[in-house]
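Peer 1: Handing you this structure, nothing more for now.
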Amino acid sequence: MTRSSARPRRRHWRIAAIALLLVGCGTADEAAPNDVDAFDWDYVANRPRGPRPFFSFFVTTQRGLLGLPQGQWSPAPDPVDGFGGNFGGLRGADEICSMLAQKSNPGDTKIWRAFLSSTGQFGEARVDAIDRIGNGPWHDFRGYRLADDVTGLLPLETNQGRPRGADPLLADMFTGENGEEIGGGGGIDNHDTLTGSNLTGRLFDDGEGGRVATCADWTSRSIRGEPGNTMANGGQVPVGHSWPRSNLQGRHWISEHTVNGCERGGRTDGGTAAPQGDFRVGGAGGYGGFYCFALNALPFDSAPSVARR
């Protein structure tokens with residue numbers, strides 16, 4: 001083997017090693033639940049293979065979730081009520097992200113991560129959502145910037161609630177896997193998005209070690225927490241808002257309030273809190289969606305020209 005032919009192979013292994021470090025450190029047993037296919041890299045062009053190499057953020061849409069088949073790790077959703085809190089653990093949730101990304105962007109080869117925290121008590125490694133998603137940058141399907149780095153994801157102030165580094169159009173209205181605006185308009189209230197996390201993207205303290213907050217590390221659709229009340233106080237499963245309720249309220253994208261439980265289904269006809277007897281993941285204005293981020297995507301300006309819509 002000549003030196004020139006050996007060099008790309010050595011580079012391949014160096015990049016693979018870096019990718020493994022980004023996925024996370026720990027023992028083999030800890031890493032196993034998050035095993036994914038290798039990140040497919042074009043060494044000549046120095047970018048991910050496939051179209052839209054910048055595409056690295058979306059909110060799972062209701063239509064997208066309900067249309068998925070059973071995966072290797074993720075269960076099949078109920079065709080009406082979805083997954084509830086059972087995505088098949090973090091690896092199932094990651095797989096859901098990948099399936100949706102590949103459906104909307106055929107040929108996509110990125111490693112996708114669900115923005116979900118876990119406790120490490122139910123077959124998953126203990127991990128905070130903010131530590132799962134790499135270092136950025138992140139752009140939506142259209143090329144609009146969400147943030148250049150982790151700092152850019154966090155709001156400047158809690159009451160502001162939106163990613164400080166986002167393009168204003170995307171900050172005000174997150175988009176789905178096809179680049180569509182998540183807010184349905186016309187009185188549709190579908191912004192509650194599961195995270196299992198607090199204001200900084202760390203595991204939410206539900207008083208039970210995160211069991212309820214993470215729906216047993218995203219493996220349960222039957223757990224019920226505290227019933228909460230009509231003012232959105234109480235409850236134990238934290239959700240962020242994919243679009244803000246107003247200029248003054250309901251703005252935090254990671255952890256705005258809690259819902260009561262992990263059961264399937266939801267309601268999108270308005271309301272600030274789930275009724276006391278409603279333990280559905282979407283009971284306060286949602287359908288059980290979550291955020292998806294890709295590792296090692298490129299800045300939009302480095303990507304092939306794509307017309308923004």
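Residue names in the structure tokens use chain letters A, B, ... in the order shown, residue numbers from 1 in each chain, and ligand numbers from 1 in the order shown.
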Kindly assemble as a Markdown table a list of the region 102-213 of chain A residues that lie within 9 Å of region 291-297 of chain A, each paired with its nearest atom pair and their distance in Å to one decimal, using only C-alpha atoms, sorted first by chain and then by ascending residue number.

Peer 2:
```
| residue | atom | partner | partner_atom | distance |
| --- | --- | --- | --- | --- |
| A:Lys110 | CA | A:Ala294 | CA | 6.2 |
| A:Ile111 | CA | A:Ala294 | CA | 5.6 |
| A:Trp112 | CA | A:Ala294 | CA | 4.3 |
| A:Arg113 | CA | A:Phe293 | CA | 5.3 |
| A:Ala114 | CA | A:Cys292 | CA | 4.6 |
| A:Phe115 | CA | A:Tyr291 | CA | 5.3 |
| A:Leu116 | CA | A:Tyr291 | CA | 8.0 |
| A:Arg132 | CA | A:Phe293 | CA | 8.8 |
| A:Ile133 | CA | A:Phe293 | CA | 5.8 |
| A:Gly134 | CA | A:Leu295 | CA | 5.3 |
| A:Asn135 | CA | A:Leu295 | CA | 7.5 |
| A:Gly136 | CA | A:Asn296 | CA | 6.8 |
| A:Pro137 | CA | A:Ala297 | CA | 6.7 |
| A:Trp138 | CA | A:Ala297 | CA | 7.0 |
| A:His139 | CA | A:Ala297 | CA | 8.5 |
| A:Glu177 | CA | A:Cys292 | CA | 8.9 |
| A:Thr193 | CA | A:Tyr291 | CA | 7.3 |
| A:Leu194 | CA | A:Tyr291 | CA | 7.8 |
| A:Thr195 | CA | A:Tyr291 | CA | 7.8 |
```

Peer 1: May I have a table of the residues of region 56-171 of chain A lying at most 7 Å from region 247-257 of chain A, giving each one's closest pair of atoms and their distance in Å to one decimal, counting only C-alpha atoms, ordered by chain and ascending residue number, as a tab-separated table?

Peer 2:
```
residue	atom	partner	partner_atom	distance
A:Asn159	CA	A:Arg251	CA	6.9
A:Gln160	CA	A:Arg251	CA	6.4
A:Gly161	CA	A:His252	CA	3.6
A:Arg162	CA	A:His252	CA	5.9
```

Peer 1: With N, CA and C atoms retained, export the selected residues as a short mmCIF file (atom, residue, chain, number, x, y, z; two decimals), in the first residue's frame.

Peer 2:
```
data_model
loop_
_atom_site.label_atom_id
_atom_site.label_comp_id
_atom_site.auth_asym_id
_atom_site.auth_seq_id
_atom_site.Cartn_x
_atom_site.Cartn_y
_atom_site.Cartn_z
N ASN A 159 -37.36 34.58 30.70
CA ASN A 159 -38.67 35.00 30.20
C ASN A 159 -38.67 35.25 28.70
N GLN A 160 -37.47 35.40 28.12
CA GLN A 160 -37.41 35.55 26.67
C GLN A 160 -37.67 34.22 25.98
N GLY A 161 -37.01 33.19 26.45
CA GLY A 161 -37.40 31.83 26.10
C GLY A 161 -36.96 31.25 24.78
N ARG A 162 -36.54 32.08 23.84
CA ARG A 162 -36.19 31.56 22.51
C ARG A 162 -34.67 31.48 22.36
#
```

Peer 1: Quick one: distance from CA of Gln276 (chain A) to CA of Gly228 (chain A) in Å, one decimal?

Peer 2: 5.8 Å

Peer 1: Name the closest residue to Tyr287 (chain A) among the candidates A:Gly82, A:Pro53, A:Pro77, A:Gly261; distances are taken between atoms, counting only C-alpha atoms.

Peer 2: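 Selected residue with least distance to Tyr287 (chain A): A:Gly82.
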
Peer 1: Do you know which residues are at most 8 Å from Ser242 (chain A) counting only C-alpha atoms, after dropping those on the same chain fewer than 3 positions away, and could you put them as a PyMOL selection string?

Peer 2: chain A and resi 59+173-174+182+191-193+253

Peer 1: Near Gln70 (chain A), counting only C-alpha atoms, which residues have an atom at most 12 Å away, once you skip same-chain residues fewer than 3 positions from it, shown as number ranges by chain?

Peer 2: A: 65-67, 73-79, 82-83, 87-88, 92-93, 95-96, 99

Peer 1: May I have the residues from that selection written out with C-alpha atoms, as a PDB file, in the first residue's frame?

Peer 2:
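Dumped everything to out-v5.pdb:
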```pdb
ATOM      1  CA  LEU A  65     -45.040  10.683  13.739  1.00  0.00           C
ATOM      2  CA  LEU A  66     -48.382   9.064  12.953  1.00  0.00           C
ATOM      3  CA  GLY A  67     -47.142   7.895   9.563  1.00  0.00           C
ATOM      4  CA  TRP A  73     -35.855   0.188  18.249  1.00  0.00           C
ATOM      5  CA  SER A  74     -38.998   2.300  18.074  1.00  0.00           C
ATOM      6  CA  PRO A  75     -42.498   0.833  18.352  1.00  0.00           C
ATOM      7  CA  ALA A  76     -45.207   1.479  15.793  1.00  0.00           C
ATOM      8  CA  PRO A  77     -47.333   4.471  16.785  1.00  0.00           C
ATOM      9  CA  ASP A  78     -51.046   4.305  17.295  1.00  0.00           C
ATOM     10  CA  PRO A  79     -52.386   5.770  14.015  1.00  0.00           C
ATOM     11  CA  GLY A  82     -49.222   8.390  18.454  1.00  0.00           C
ATOM     12  CA  PHE A  83     -46.504   7.106  20.774  1.00  0.00           C
ATOM     13  CA  PHE A  87     -40.389   5.916  21.835  1.00  0.00           C
ATOM     14  CA  GLY A  88     -38.386   2.763  22.493  1.00  0.00           C
ATOM     15  CA  GLY A  92     -35.830   4.588  19.507  1.00  0.00           C
ATOM     16  CA  ALA A  93     -36.347   8.348  19.642  1.00  0.00           C
ATOM     17  CA  GLU A  95     -34.304   6.351  15.150  1.00  0.00           C
ATOM     18  CA  ILE A  96     -37.573   8.264  14.781  1.00  0.00           C
ATOM     19  CA  MET A  99     -36.546   8.042   9.752  1.00  0.00           C
TER      20      MET A  99
END
```

Peer 1: Between A:Gln62, A:Thr158, A:Gln102, A:Thr214, which residue has the minimum interatomic distance to Thr200 (chain A), considering only C-alpha atoms?

Peer 2: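 Under the stated criterion, the closest residue is A:Thr158.
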
Peer 1: Just how far from CA of Thr109 (chain A) is CA of Asp140 (chain A), in Å to one decimal?

Peer 2: 15.7 Å
